[in-house]
Every structure is written in C-alpha cells, then in structure tokens.
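Novice: So here's work-v7.txt (compact mmCIF, C-alpha atoms).
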# COMPACT_ATOMS: atom_id res chain seq x y z
CA MET Y 1 -5.06 32.01 2.37
CA ILE Y 2 -1.48 30.79 2.80
CA GLN Y 3 -0.48 28.08 0.35
CA ARG Y 4 0.65 24.85 1.94
CA PRO Y 5 1.22 21.40 0.42
CA GLU Y 6 -2.00 20.30 2.17
CA ASN Y 7 -4.19 22.81 0.33
CA LEU Y 8 -2.18 23.02 -2.89
CA THR Y 9 -4.62 21.02 -5.00
CA ARG Y 10 -7.52 23.27 -4.03
CA HIS Y 11 -5.65 26.55 -4.31
CA GLU Y 12 -5.07 29.09 -7.09
CA MET Y 13 -2.21 27.88 -9.31
CA ILE Y 14 -1.49 31.01 -11.34
CA GLY Y 15 1.79 32.61 -10.26
CA LEU Y 16 3.38 29.45 -8.87
CA SER Y 17 6.61 28.16 -10.33
CA VAL Y 18 6.41 24.62 -11.65
CA LEU Y 19 8.70 21.95 -13.07
CA VAL Y 20 7.51 18.98 -15.12
CA ALA Y 21 9.17 16.12 -13.25
CA GLY Y 22 7.68 13.27 -15.25
CA SER Y 23 5.37 12.69 -18.15
CA THR Y 24 4.43 10.05 -20.69
CA ASN Y 25 5.48 12.64 -23.28
CA ARG Y 26 9.26 12.85 -22.82
CA ASP Y 27 9.48 16.21 -24.61
CA LEU Y 28 7.64 17.84 -21.72
CA VAL Y 29 9.96 16.59 -18.98
CA GLY Y 30 12.20 19.36 -17.66
CA ILE Y 31 10.01 22.30 -18.68
CA SER Y 32 9.96 24.82 -15.87
CA GLY Y 33 8.55 28.28 -15.42
CA ARG Y 34 5.72 30.30 -13.94
CA ILE Y 35 2.08 29.37 -14.43
CA VAL Y 36 0.24 32.15 -16.23
CA ASP Y 37 -3.08 30.49 -17.04
CA GLU Y 38 -5.02 27.33 -16.34
CA THR Y 39 -7.80 25.46 -18.11
CA ARG Y 40 -9.60 22.27 -17.16
CA ASN Y 41 -7.01 19.97 -18.73
CA THR Y 42 -3.92 22.12 -19.19
CA LEU Y 43 -1.58 24.60 -17.55
CA LEU Y 44 0.00 27.48 -19.47
CA VAL Y 45 3.59 27.93 -18.32
CA GLU Y 46 5.79 30.91 -19.10
CA THR Y 47 9.31 29.61 -19.73
CA GLU Y 48 12.53 31.15 -21.04
CA HIS Y 49 11.65 29.89 -24.52
CA GLY Y 50 8.09 31.15 -24.66
CA THR Y 51 4.78 29.98 -23.23
CA LYS Y 52 4.12 26.27 -23.21
CA ARG Y 53 0.85 24.45 -22.70
CA ILE Y 54 1.26 21.39 -20.47
CA PRO Y 55 -1.48 18.77 -20.12
CA LYS Y 56 -2.40 17.83 -16.56
CA SER Y 57 -3.08 14.17 -17.26
CA ASN Y 58 -0.17 11.70 -17.25
CA THR Y 59 2.15 14.33 -15.81
CA SER Y 60 3.97 14.65 -12.51
CA LEU Y 61 4.54 18.28 -11.50
CA THR Y 62 6.86 19.76 -8.88
CA PHE Y 63 5.54 23.01 -7.46
CA THR Y 64 7.62 25.50 -5.51
CA LEU Y 65 5.46 27.33 -3.00
CA PRO Y 66 6.05 31.01 -2.10
CA ASP Y 67 7.79 29.94 1.14
CA GLY Y 68 10.26 27.77 -0.80
CA GLN Y 69 8.67 24.44 0.08
CA LYS Y 70 8.48 21.91 -2.75
CA ALA Y 71 5.66 19.46 -3.43
CA ARG Y 72 5.24 16.88 -6.16
CA VAL Y 73 1.68 16.55 -7.43
CA SER Y 74 0.15 13.99 -9.72
CA GLY Y 75 -1.37 16.07 -12.52
CA SER Y 76 -4.44 13.83 -12.83
CA ILE Y 77 -5.81 15.04 -9.49
CA LEU Y 78 -5.73 18.64 -10.74
CA ILE Y 79 -8.05 17.90 -13.64
CA SER Y 80 -10.99 20.20 -13.03
CA GLN Y 81 -11.98 23.71 -13.92
CA PRO Y 82 -10.03 26.00 -11.58
CA GLU Y 83 -13.16 27.61 -10.19
CA ASN Y 84 -14.67 24.20 -9.40
CA ARG Y 85 -11.54 22.57 -8.00
CA ILE Y 86 -12.20 23.83 -4.49
CA ASN Y 87 -15.37 21.71 -4.36
CA LYS Y 88 -13.82 18.64 -5.95
CA LYS Y 89 -14.26 15.46 -3.99
CA MET Y 90 -10.87 13.89 -3.38
CA GLN Y 91 -10.18 10.23 -2.81
CA ARG Y 92 -9.45 9.43 0.80
CA THR Y 93 -6.29 7.43 0.11
CA ARG Y 94 -2.93 8.46 1.53
CA TRP Y 95 -0.95 8.09 -1.66
CA LYS Y 96 -1.94 7.76 -5.28
CA LEU Y 97 0.41 8.87 -7.99
CA MET M 1 13.79 -9.51 -7.33
CA SER M 2 12.40 -7.51 -4.37
CA TYR M 3 10.26 -10.35 -3.00
CA PHE M 4 8.94 -9.71 0.48
CA GLU M 5 7.36 -12.08 2.99
CA SER M 6 4.76 -9.88 4.60
CA CYS M 7 3.13 -11.55 7.57
CA LEU M 8 5.57 -13.31 9.87
CA HIS M 9 5.08 -13.76 13.60
CA SER M 10 8.19 -13.74 15.73
CA LEU M 11 8.71 -14.28 19.45
CA PRO M 12 6.65 -14.06 21.68
CA GLU M 13 3.84 -15.09 19.28
CA GLY M 14 5.97 -17.35 17.13
CA SER M 15 8.80 -19.60 18.17
CA ASP M 16 11.76 -17.77 16.60
CA SER M 17 13.38 -14.37 16.98
CA PRO M 18 13.21 -11.79 14.14
CA SER M 19 16.95 -12.21 13.48
CA LYS M 20 16.60 -15.97 13.04
CA MET M 21 13.65 -15.43 10.67
CA ALA M 22 15.69 -12.88 8.70
CA THR M 23 18.65 -15.23 8.36
CA VAL M 24 16.47 -18.07 7.03
CA ALA M 25 14.49 -15.75 4.71
CA ARG M 26 17.71 -14.43 3.22
CA ARG M 27 18.85 -17.96 2.49
CA LEU M 28 15.52 -18.71 0.80
CA GLY M 29 15.93 -15.73 -1.55
CA TYR M 30 13.78 -12.97 -0.08
CA GLU M 31 14.90 -9.38 -0.28
CA GLY M 32 13.05 -8.48 2.88
CA ILE M 33 10.59 -9.58 5.52
CA ILE M 34 7.94 -7.80 7.53
CA ILE M 35 7.36 -9.02 11.07
CA CYS M 36 3.67 -8.51 11.81
CA ASN M 37 2.96 -9.47 15.40
CA HIS M 38 -0.42 -8.81 16.94
CA THR M 39 1.06 -6.85 19.82
CA GLY M 40 2.91 -3.55 19.86
CA PHE M 41 6.51 -2.73 19.03
CA GLU M 42 7.69 -2.74 22.63
CA LYS M 43 6.86 -6.43 22.92
CA PHE M 44 9.04 -7.57 20.01
CA PHE M 45 11.84 -9.86 21.11
CA ARG M 46 15.16 -8.01 20.70
CA PRO M 47 14.30 -5.96 17.58
CA ASP M 48 17.81 -4.42 17.61
CA ALA M 49 19.47 -7.79 16.99
CA VAL M 50 18.01 -7.79 13.46
CA ARG M 51 20.37 -5.02 12.38
CA GLU M 52 23.24 -7.46 12.64
CA VAL M 53 21.72 -9.63 9.89
CA LYS M 54 23.16 -8.23 6.66
CA GLY M 55 21.74 -8.49 3.16
CA ILE M 56 18.05 -8.44 4.01
CA LYS M 57 15.59 -5.68 4.88
CA VAL M 58 13.52 -6.25 7.99
CA ALA M 59 10.52 -4.06 8.77
CA PHE M 60 8.34 -4.21 11.86
CA GLY M 61 4.66 -3.88 11.12
CA ILE M 62 1.57 -4.79 13.05
CA GLU M 63 -1.38 -7.08 12.45
CA ILE M 64 -4.35 -5.69 14.31
CA VAL M 65 -6.78 -8.14 15.84
CA ALA M 66 -9.95 -6.53 17.11
CA ASN M 67 -13.33 -7.75 18.28
CA SER M 68 -15.32 -4.87 16.91
CA PRO M 69 -14.92 -2.42 14.01
CA ARG M 70 -14.84 0.46 16.49
CA SER M 71 -11.85 -0.87 18.44
CA MET M 72 -10.17 -1.78 15.14
CA ARG M 73 -10.46 1.81 13.91
CA SER M 74 -8.97 3.25 17.10
CA ARG M 75 -6.11 0.74 17.09
CA VAL M 76 -5.34 1.47 13.43
CA ALA M 77 -5.30 5.21 14.12
CA SER M 78 -2.82 4.78 16.97
CA ALA M 79 -0.63 2.28 15.07
CA ARG M 80 -0.40 4.27 11.82
CA ALA M 81 2.17 6.75 13.09
CA ARG M 82 4.35 4.09 14.72
CA PHE M 83 4.49 1.36 12.06
CA PRO M 84 5.41 1.48 8.37
CA PHE M 85 3.08 -1.44 7.62
CA VAL M 86 -0.39 -1.74 9.17
CA SER M 87 -2.44 -4.83 8.47
CA VAL M 88 -5.70 -6.08 9.91
CA HIS M 89 -6.59 -9.66 10.83
CA GLY M 90 -9.98 -10.11 9.20
CA GLY M 91 -12.56 -12.80 9.78
CA SER M 92 -15.99 -11.49 10.56
CA GLU M 93 -17.95 -9.65 7.93
CA GLU M 94 -17.99 -6.40 9.96
CA THR M 95 -14.22 -6.42 10.55
CA ASN M 96 -13.51 -7.10 6.86
CA LYS M 97 -15.76 -4.26 5.77
CA ALA M 98 -14.42 -1.82 8.37
CA ALA M 99 -10.82 -2.61 7.36
CA CYS M 100 -11.60 -2.09 3.67
CA GLU M 101 -13.27 1.23 4.42
CA ASN M 102 -10.23 2.56 6.30
CA PRO M 103 -7.61 4.23 4.07
CA GLU M 104 -5.03 3.94 6.86
CA VAL M 105 -4.95 0.14 6.48
CA ASP M 106 -2.38 -1.33 4.10
CA VAL M 107 -3.44 -4.97 3.90
CA LEU M 108 -6.39 -7.04 5.09
CA PHE M 109 -5.16 -10.53 5.97
CA HIS M 110 -7.30 -13.67 6.44
CA PRO M 111 -10.59 -12.24 5.13
CA GLU M 112 -11.74 -15.84 4.58
CA GLU M 113 -11.27 -16.92 8.19
CA GLY M 114 -14.98 -16.63 9.03
CA ARG M 115 -15.66 -18.75 5.91
CA LYS M 116 -17.49 -15.81 4.43
CA VAL M 117 -16.66 -14.28 1.07
CA LEU M 118 -15.38 -10.71 1.14
CA GLY M 119 -18.52 -9.11 -0.30
CA ILE M 120 -19.00 -6.67 -3.13
CA ALA M 121 -19.39 -3.60 -0.89
CA ALA M 122 -16.15 -4.39 0.94
CA ALA M 123 -14.28 -5.04 -2.31
CA ARG M 124 -15.49 -1.75 -3.74
CA ALA M 125 -14.39 0.07 -0.58
CA ALA M 126 -10.98 -1.65 -0.74
CA ARG M 127 -10.59 -0.40 -4.30
CA MET M 128 -11.49 3.13 -3.25
CA ASN M 129 -9.13 3.15 -0.24
CA GLN M 130 -6.28 1.14 -1.80
CA VAL M 131 -6.46 -1.63 0.77
CA ALA M 132 -4.77 -4.80 -0.50
CA ILE M 133 -6.09 -8.29 0.23
CA GLY M 134 -3.61 -10.67 1.85
CA PHE M 135 -3.91 -14.38 1.13
CA ASP M 136 -2.40 -16.61 3.78
CA LEU M 137 -1.55 -19.95 2.16
CA ARG M 138 -0.89 -21.79 5.42
CA PRO M 139 -4.31 -23.54 5.44
CA LEU M 140 -3.44 -25.03 2.04
CA ILE M 141 -0.52 -26.83 3.70
CA ARG M 142 -2.07 -27.53 7.09
CA LEU M 143 -5.69 -28.45 6.33
CA ARG M 144 -6.84 -31.76 4.90
CA GLY M 145 -10.00 -33.12 3.25
CA ASN M 146 -13.30 -31.25 3.46
CA SER M 147 -11.99 -28.29 5.41
CA ARG M 148 -9.28 -27.64 2.81
CA SER M 149 -11.71 -27.83 -0.10
CA ARG M 150 -14.04 -25.42 1.72
CA TRP M 151 -11.10 -23.05 2.28
CA LEU M 152 -10.12 -23.31 -1.39
CA GLU M 153 -13.66 -22.51 -2.45
CA VAL M 154 -13.79 -19.32 -0.35
CA VAL M 155 -10.32 -18.25 -1.55
CA GLN M 156 -11.36 -18.81 -5.15
CA ARG M 157 -14.43 -16.62 -4.70
CA ASN M 158 -12.35 -13.91 -3.00
CA LEU M 159 -9.87 -14.13 -5.84
CA ASN M 160 -12.65 -13.58 -8.38
CA LEU M 161 -13.70 -10.46 -6.47
CA VAL M 162 -10.09 -9.22 -6.35
CA ARG M 163 -9.84 -9.65 -10.12
CA LYS M 164 -13.20 -8.03 -10.78
CA PHE M 165 -12.37 -4.91 -8.76
CA ASP M 166 -8.68 -4.91 -9.74
CA LEU M 167 -7.48 -4.92 -6.11
CA SER M 168 -3.87 -5.31 -5.06
CA MET M 169 -3.01 -8.51 -3.29
CA THR M 170 -0.20 -10.11 -1.42
CA ILE M 171 0.55 -13.72 -0.50
CA THR M 172 2.24 -15.05 2.59
CA THR M 173 2.76 -18.23 4.54
CA GLY M 174 1.93 -16.53 7.86
CA SER M 175 4.86 -18.38 9.45
CA ARG M 176 5.29 -18.51 13.19
CA SER M 177 8.58 -20.37 12.95
CA CYS M 178 11.56 -20.21 10.61
CA LEU M 179 10.83 -23.83 9.68
CA ASP M 180 7.45 -22.79 8.24
CA LEU M 181 9.02 -20.29 5.84
CA ARG M 182 8.74 -21.16 2.14
CA ALA M 183 10.91 -19.91 -0.69
CA PRO M 184 9.29 -17.57 -3.25
CA ARG M 185 9.38 -20.36 -5.83
CA GLU M 186 7.45 -22.70 -3.50
CA LEU M 187 4.97 -19.94 -2.65
CA ARG M 188 4.35 -19.39 -6.35
CA ALA M 189 3.72 -23.09 -6.87
CA LEU M 190 1.31 -23.21 -3.91
CA ALA M 191 -0.51 -20.11 -5.11
CA GLU M 192 -0.97 -21.60 -8.55
CA ILE M 193 -2.63 -24.63 -6.95
CA ALA M 194 -4.99 -22.24 -5.14
CA GLY M 195 -5.94 -20.67 -8.48
CA PHE M 196 -3.60 -17.69 -8.84
CA GLU M 197 -2.13 -16.78 -12.21
CA SER M 198 1.67 -16.63 -12.37
CA HIS M 199 1.80 -12.86 -13.03
CA GLU M 200 -0.54 -12.31 -10.07
CA THR M 201 1.74 -14.19 -7.67
CA GLU M 202 4.74 -12.32 -8.99
CA GLU M 203 3.01 -9.01 -8.32
CA ALA M 204 1.68 -10.18 -4.94
CA LEU M 205 5.21 -11.03 -3.75
CA ARG M 206 6.48 -7.60 -4.78
CA TYR M 207 3.58 -5.58 -3.38
CA PRO M 208 4.77 -5.24 0.29
CA ALA M 209 8.06 -3.67 -0.86
CA ARG M 210 6.09 -1.08 -2.80
CA VAL M 211 3.87 -0.28 0.20
CA LEU M 212 6.90 0.14 2.47
CA GLU M 213 8.53 2.46 -0.04
CA LEU M 214 5.38 4.60 -0.41
CA ASN M 215 4.81 4.74 3.34
CA SER M 216 8.36 5.92 3.92
CA ARG M 217 7.68 9.08 1.86
CA ARG M 218 5.87 12.13 3.26
CA TRP M 219 2.38 12.72 1.87
CA ALA M 220 0.38 15.90 2.37
CA GLY M 221 -2.70 14.37 0.80
CA PRO M 222 -3.73 12.01 -1.97
CA GLY M 223 -1.31 12.52 -4.84
CA VAL M 224 0.65 15.32 -3.11
CA GLU M 225 4.12 14.43 -1.89
CA ILE M 226 6.22 16.82 0.18
CA LEU M 227 9.78 16.92 -1.11
Produce structure tokens that represent the structure in this file.

Specialist:
Amino acid sequence: MIQRPENLTRHEMIGLSVLVAGSTNRDLVGISGRIVDETRNTLLVETEHGTKRIPKSNTSLTFTLPDGQKARVSGSILISQPENRINKKMQRTRWKL
Amino acid sequence: MSYFESCLHSLPEGSDSPSKMATVARRLGYEGIIICNHTGFEKFFRPDAVREVKGIKVAFGIEIVANSPRSMRSRVASARARFPFVSVHGGSEETNKAACENPEVDVLFHPEEGRKVLGIAAARAARMNQVAIGFDLRPLIRLRGNSRSRWLEVVQRNLNLVRKFDLSMTITTGSRSCLDLRAPRELRALAEIAGFESHETEEALRYPARVLELNSRRWAGPGVEIL
C-alpha cells in the first residue's frame, strides 16, 4: 500500500525517516534518523550518533514519506502496538495535537 | 492580546457594513472579528472593503440556522470548505445534539435559546468532537426581570456542564450594529456577572483566534498535519 499522510498513522513505520519537532523533553528535540524498530510506547531511531529510543507520548514527530511529502504527527495518537494500530479507533476530530 | 469577537452580524442582517464593524472593533481593542451571518458569502455587503481597514483581522464565517438536524448536517458539509469558521445557531434539543455530534462544527452558539439545558449526551459529544460552546451575552443586556433570571439560570447550568466536561467556550455580544459592540474589558465584566471565572473569560475571548489558526492549516486526519 502506498504511504500517504492520510494513512500514515495506520501504516508500517519502520524505514521512514523522522525528525523530533517538539517534545516536553528538550534533549529529544532535533533528533532525526531512520526508524528501525517500534514498540507500543517508543520508536527506535537510527541516527548518526547511534540508535536512540524516542517515546511517542508528549512528542511531535515530522515524518518524511518515500515520495518526499512531509507530515507532522502528534506522537500520542501513535501509541499502540504496531500490529494493532491498524484497528485502532481514531477520534473523529479534524485537528488534535 | 489576540481577543476576537466571534459572532457579529453585518449588513444585510445587521445594520452596519463589515468595514464599519472592523473600525469600531479595532478602536475597542480587539485583534480581530469574525462576521458570522446566517446567509452565504455571496450575500455579504462589500466584503472587499474590509481589506482597507488596517490593524485588525477580519474573517468571514457562517452561522448555520436549520430547522432539522438533517438539513443542518448538509449545510455544515457544504459550508466547511468555503468558510474558515463554521458555527451553528442552536436552540432545540435535536439541533444542539446534532451540532455537538458533528466534528465539522467549530462553535455551537445560543444552545440556551430553547430554554433547555445542553444535556449530558450533547456535552459528551461536544467533548469528543471538539465543538466549543458559544455564550451570547446579549440577553444579559437586553432582557429584564423574570426572563433575564430564567436566562441566567439556564446559562449557569450550561456553564456547569462545560466545566464538568472541560469543553472549550467562547463569549460574544452577538452584535448586529457597531453600537452594540462591547470592549473586551466590558465583556469580561458582563461574563463575571453571568457566573464565569476570570480565567475562563480570558480563554473564551482568545479561543476563536486559535480555531482560525488551526483551520487555516492542512490536516490529513486527527493529529496529522500536512507540511
């Protein structure tokens, strides 16, 4: 399936490049790299300075899709086991970050 | 400051043009106004003239008045793409509930008009769909005696529901003329008489600016913004 911003939150994340655009933990802001693993609450990102584990909660992430399109995602809506995320019931609001 | 007056009616529904309203609102200390007529954009009186008024943001929204929930839903769906601010004129229990259940609606104004309290189901739906409740303070100025105390009672009960479900709210004077406009300081004083806390009024006056800013961005879904 082609990745689009519309289906990003239900799609496989491993392999996408990501940038931490905002976080309550200031040390995490600016980390960028390729996602190599995902758990329910964290993403494992391969950066130039080693692999970093980034929590999904309280984080704003900017993903770059394979076609070059960029999308900013509120990390809290990604909290779910990756295999169950496809079935996750989303809120029907237009915006919530 | 970023205070916005969110539900003004200009010509042909009110008695003044949008540019006149903008000039007066700027003098009173607002950062912006939203003209919310009941009719469509094409019926606004000279919307281009507003651009000549400097130092204030003017947005054209719509306040949807509908007889049935079904017609309200279809009108909201058609208005969403054209207007940055979509509000619904409440009143009956069915309209209030249908507006709260629609995530395309930004604000539900006048939910107390049918003298019925909002209802727990509607408040819960408003929380879920991020629909704000708009309090029009005009009856506080216009009404007298029994009718005003009845209005205050309904507003107080709605306010309790808003606090319980942590809903967003906005306050307005619902002016139809530039002479009806009140300064933010006067609105705050009026709202405190009606039972609002000072931090609530502060937030309520800022809320429309936030909605306009969020609606101007492109969203692919809840929590996903296209850059």

Novice: If you take all atoms listed in the file and a cut-off of 10 Å, which residues of chain M touch chain Y, and what are their nearest atom pairs and distances in Å to one decimal, in chain and number order, as a tab-separated table?

Specialist:
residue	atom	partner	partner_atom	distance
M:Glu101	CA	Y:Arg92	CA	9.7
M:Asn102	CA	Y:Thr93	CA	8.8
M:Pro103	CA	Y:Thr93	CA	5.3
M:Glu104	CA	Y:Arg94	CA	7.3
M:Val105	CA	Y:Thr93	CA	9.8
M:Arg127	CA	Y:Thr93	CA	10.0
M:Met128	CA	Y:Gln91	CA	7.2
M:Asn129	CA	Y:Thr93	CA	5.1
M:Gln130	CA	Y:Thr93	CA	6.6
M:Val131	CA	Y:Thr93	CA	9.1
M:Val211	CA	Y:Trp95	CA	9.8
M:Leu214	CA	Y:Trp95	CA	7.3
M:Asn215	CA	Y:Trp95	CA	8.3
M:Arg217	CA	Y:Trp95	CA	9.4
M:Arg218	CA	Y:Trp95	CA	9.3
M:Trp219	CA	Y:Trp95	CA	6.7
M:Ala220	CA	Y:Glu6	CA	5.0
M:Gly221	CA	Y:Arg94	CA	6.0
M:Pro222	CA	Y:Trp95	CA	4.8
M:Gly223	CA	Y:Lys96	CA	4.8
M:Val224	CA	Y:Val73	CA	4.6
M:Glu225	CA	Y:Arg72	CA	5.0
M:Ile226	CA	Y:Ala71	CA	4.5
M:Leu227	CA	Y:Ala71	CA	5.4

Novice: List every protein, DNA or RNA residue that has an atom no more than 6 Å from (-7.6, -4.0, 6.0) in the file's coordinate frame, counting only C-alpha atoms, and report them as a PDB file with C-alpha atoms, keeping the file's coordinate frame.

Specialist:
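Dumped everything to out.pdb:
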ATOM      1  CA  SER M  87      -2.440  -4.830   8.470  1.00  0.00           C
ATOM      2  CA  VAL M  88      -5.700  -6.080   9.910  1.00  0.00           C
ATOM      3  CA  ALA M  99     -10.820  -2.610   7.360  1.00  0.00           C
ATOM      4  CA  CYS M 100     -11.600  -2.090   3.670  1.00  0.00           C
ATOM      5  CA  VAL M 105      -4.950   0.140   6.480  1.00  0.00           C
ATOM      6  CA  VAL M 107      -3.440  -4.970   3.900  1.00  0.00           C
ATOM      7  CA  LEU M 108      -6.390  -7.040   5.090  1.00  0.00           C
ATOM      8  CA  VAL M 131      -6.460  -1.630   0.770  1.00  0.00           C
TER       9      VAL M 131
END

Novice: What is the distance between atom CA of Y:Arg10 and atom CA of Y:Leu44, in Å to one decimal?

Specialist: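 According to the coordinates, atom CA of Y:Arg10 and atom CA of Y:Leu44 are separated by 17.7 Å.
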
Novice: What's around stretch 21-32 of chain M at 6 Å? Count all atoms listed in the file, leave out sequence neighbours fewer than 3 positions away in its own chain, and write the answer as a ChimeraX atom specification.

Specialist: /M:2-4,18,56-58,178,183

Novice: Write a file of the selected residues as a tab-separated table (two decimals), keeping the file's coordinate frame, keeping C-alpha atoms.

Specialist:
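What follows is the written file part_14.tsv:
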chain	number	residue	atom	x	y	z
M	2	SER	CA	12.40	-7.51	-4.37
M	3	TYR	CA	10.26	-10.35	-3.00
M	4	PHE	CA	8.94	-9.71	0.48
M	18	PRO	CA	13.21	-11.79	14.14
M	56	ILE	CA	18.05	-8.44	4.01
M	57	LYS	CA	15.59	-5.68	4.88
M	58	VAL	CA	13.52	-6.25	7.99
M	178	CYS	CA	11.56	-20.21	10.61
M	183	ALA	CA	10.91	-19.91	-0.69

Novice: Pick out the closest residue to M:Phe60 from this set: M:Arg75, M:His38, M:Arg148, M:Ala98. Count all atoms listed in the file.

Specialist: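 Among the listed residues, the smallest separation from M:Phe60 belongs to M:His38.
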
Novice: Can you tell me, as a PyMOL selection string, what residues are no more than 6 Å from Y:Leu43 when counting all atoms listed in the file, ignoring any on the same chain fewer than 3 positions away?

Specialist: chain Y and resi 38+53-54

Novice: Skip stretch 185-198 of chain M itself and residues of its chain fewer than 2 positions away, then list as a PyMOL selection string all residues within 12 Å of it, counting all atoms listed in the file.

Specialist: chain M and resi 1+3-5+28-30+135-141+148-160+162-163+169-174+180-183+200-205

Novice: Fewer than 2 positions away in the same chain doesn't count, so skip those; otherwise give me all residues within 6 Å of Y:Gln81, counting all atoms listed in the file, as a PyMOL selection string.

Specialist: chain Y and resi 40+83-84

Novice: So how many Å separate atom CA of M:Ser175 and atom CA of M:Glu112, to one decimal?

Specialist: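 So the answer is 17.5 Å.
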
Novice: Find the residue from Y:Gly50, Y:Pro55, Y:Gly68, Y:Gly15 that sits nearest to Y:Leu28; use only C-alpha atoms when measuring.

Specialist: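 Distance minimum relative to Y:Leu28 lands on Y:Pro55.
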
Novice: Taking 6 positions as the minimum chain separation for residues in the same chain, which residues sit within 8 Å of M:Thr95 when counting all atoms listed in the file? Answer as a ChimeraX atom specification.

Specialist: /M:66-69,72

Novice: How many Å lie between atom CA of M:Arg70 and atom CA of M:Phe85, rounded to one decimal?

Specialist: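 Between atom CA of M:Arg70 and atom CA of M:Phe85 the gap works out to 20.1 Å.
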
Novice: Would you be able to write out as a ChimeraX atom specification which residues have an atom within 10 Å of (10.1, 14.1, -16.0) in the file's coordinates, counting only C-alpha atoms?

Specialist: /Y:19-31,59-62

Novice: Keeping only C-alpha atoms, write those residues as an mmCIF file, in the frame of the given file.

Specialist:
data_model
loop_
_atom_site.group_PDB
_atom_site.id
_atom_site.type_symbol
_atom_site.label_atom_id
_atom_site.label_comp_id
_atom_site.auth_asym_id
_atom_site.auth_seq_id
_atom_site.Cartn_x
_atom_site.Cartn_y
_atom_site.Cartn_z
ATOM 1 C CA LEU Y 19 8.700 21.950 -13.070
ATOM 2 C CA VAL Y 20 7.510 18.980 -15.120
ATOM 3 C CA ALA Y 21 9.170 16.120 -13.250
ATOM 4 C CA GLY Y 22 7.680 13.270 -15.250
ATOM 5 C CA SER Y 23 5.370 12.690 -18.150
ATOM 6 C CA THR Y 24 4.430 10.050 -20.690
ATOM 7 C CA ASN Y 25 5.480 12.640 -23.280
ATOM 8 C CA ARG Y 26 9.260 12.850 -22.820
ATOM 9 C CA ASP Y 27 9.480 16.210 -24.610
ATOM 10 C CA LEU Y 28 7.640 17.840 -21.720
ATOM 11 C CA VAL Y 29 9.960 16.590 -18.980
ATOM 12 C CA GLY Y 30 12.200 19.360 -17.660
ATOM 13 C CA ILE Y 31 10.010 22.300 -18.680
ATOM 14 C CA THR Y 59 2.150 14.330 -15.810
ATOM 15 C CA SER Y 60 3.970 14.650 -12.510
ATOM 16 C CA LEU Y 61 4.540 18.280 -11.500
ATOM 17 C CA THR Y 62 6.860 19.760 -8.880
#

Novice: Since the input is missing atoms, can you rebuild N, CA and C atoms for stretch 140-156 of chain M and write them as a PDB file, in the frame of the given file?

Specialist:
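Output file selection38.pdb is given in full below:
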ATOM      1  N   LEU M 140      -3.619 -24.112   3.165  1.00  0.00           N
ATOM      2  CA  LEU M 140      -3.440 -25.030   2.040  1.00  0.00           C
ATOM      3  C   LEU M 140      -2.471 -26.156   2.413  1.00  0.00           C
ATOM      4  N   ILE M 141      -1.502 -25.836   3.280  1.00  0.00           N
ATOM      5  CA  ILE M 141      -0.520 -26.830   3.700  1.00  0.00           C
ATOM      6  C   ILE M 141      -1.049 -27.618   4.898  1.00  0.00           C
ATOM      7  N   ARG M 142      -1.691 -26.914   5.819  1.00  0.00           N
ATOM      8  CA  ARG M 142      -2.070 -27.530   7.090  1.00  0.00           C
ATOM      9  C   ARG M 142      -3.379 -28.327   7.029  1.00  0.00           C
ATOM     10  N   LEU M 143      -4.376 -27.816   6.296  1.00  0.00           N
ATOM     11  CA  LEU M 143      -5.690 -28.450   6.330  1.00  0.00           C
ATOM     12  C   LEU M 143      -5.724 -29.674   5.420  1.00  0.00           C
ATOM     13  N   ARG M 144      -6.661 -30.550   5.706  1.00  0.00           N
ATOM     14  CA  ARG M 144      -6.840 -31.760   4.900  1.00  0.00           C
ATOM     15  C   ARG M 144      -8.324 -31.962   4.603  1.00  0.00           C
ATOM     16  N   GLY M 145      -8.631 -32.668   3.513  1.00  0.00           N
ATOM     17  CA  GLY M 145     -10.000 -33.120   3.250  1.00  0.00           C
ATOM     18  C   GLY M 145     -10.988 -31.995   3.037  1.00  0.00           C
ATOM     19  N   ASN M 146     -12.177 -32.177   3.682  1.00  0.00           N
ATOM     20  CA  ASN M 146     -13.300 -31.250   3.460  1.00  0.00           C
ATOM     21  C   ASN M 146     -12.955 -29.820   3.806  1.00  0.00           C
ATOM     22  N   SER M 147     -12.266 -29.656   4.956  1.00  0.00           N
ATOM     23  CA  SER M 147     -11.990 -28.290   5.410  1.00  0.00           C
ATOM     24  C   SER M 147     -11.097 -27.554   4.401  1.00  0.00           C
ATOM     25  N   ARG M 148     -10.155 -28.282   3.794  1.00  0.00           N
ATOM     26  CA  ARG M 148      -9.280 -27.640   2.810  1.00  0.00           C
ATOM     27  C   ARG M 148     -10.061 -27.279   1.548  1.00  0.00           C
ATOM     28  N   SER M 149     -10.957 -28.162   1.117  1.00  0.00           N
ATOM     29  CA  SER M 149     -11.710 -27.830  -0.100  1.00  0.00           C
ATOM     30  C   SER M 149     -12.644 -26.657   0.145  1.00  0.00           C
ATOM     31  N   ARG M 150     -13.192 -26.576   1.394  1.00  0.00           N
ATOM     32  CA  ARG M 150     -14.040 -25.420   1.720  1.00  0.00           C
ATOM     33  C   ARG M 150     -13.216 -24.133   1.707  1.00  0.00           C
ATOM     34  N   TRP M 151     -11.999 -24.225   2.268  1.00  0.00           N
ATOM     35  CA  TRP M 151     -11.100 -23.050   2.280  1.00  0.00           C
ATOM     36  C   TRP M 151     -10.773 -22.624   0.852  1.00  0.00           C
ATOM     37  N   LEU M 152     -10.467 -23.619   0.008  1.00  0.00           N
ATOM     38  CA  LEU M 152     -10.120 -23.310  -1.390  1.00  0.00           C
ATOM     39  C   LEU M 152     -11.271 -22.628  -2.117  1.00  0.00           C
ATOM     40  N   GLU M 153     -12.487 -23.082  -1.783  1.00  0.00           N
ATOM     41  CA  GLU M 153     -13.660 -22.510  -2.450  1.00  0.00           C
ATOM     42  C   GLU M 153     -13.809 -21.026  -2.092  1.00  0.00           C
ATOM     43  N   VAL M 154     -13.654 -20.721  -0.790  1.00  0.00           N
ATOM     44  CA  VAL M 154     -13.790 -19.320  -0.350  1.00  0.00           C
ATOM     45  C   VAL M 154     -12.682 -18.470  -0.958  1.00  0.00           C
ATOM     46  N   VAL M 155     -11.451 -19.011  -0.975  1.00  0.00           N
ATOM     47  CA  VAL M 155     -10.320 -18.250  -1.550  1.00  0.00           C
ATOM     48  C   VAL M 155     -10.570 -17.983  -3.034  1.00  0.00           C
ATOM     49  N   GLN M 156     -11.092 -18.985  -3.733  1.00  0.00           N
ATOM     50  CA  GLN M 156     -11.360 -18.810  -5.150  1.00  0.00           C
ATOM     51  C   GLN M 156     -12.385 -17.703  -5.395  1.00  0.00           C
TER      52      GLN M 156
END
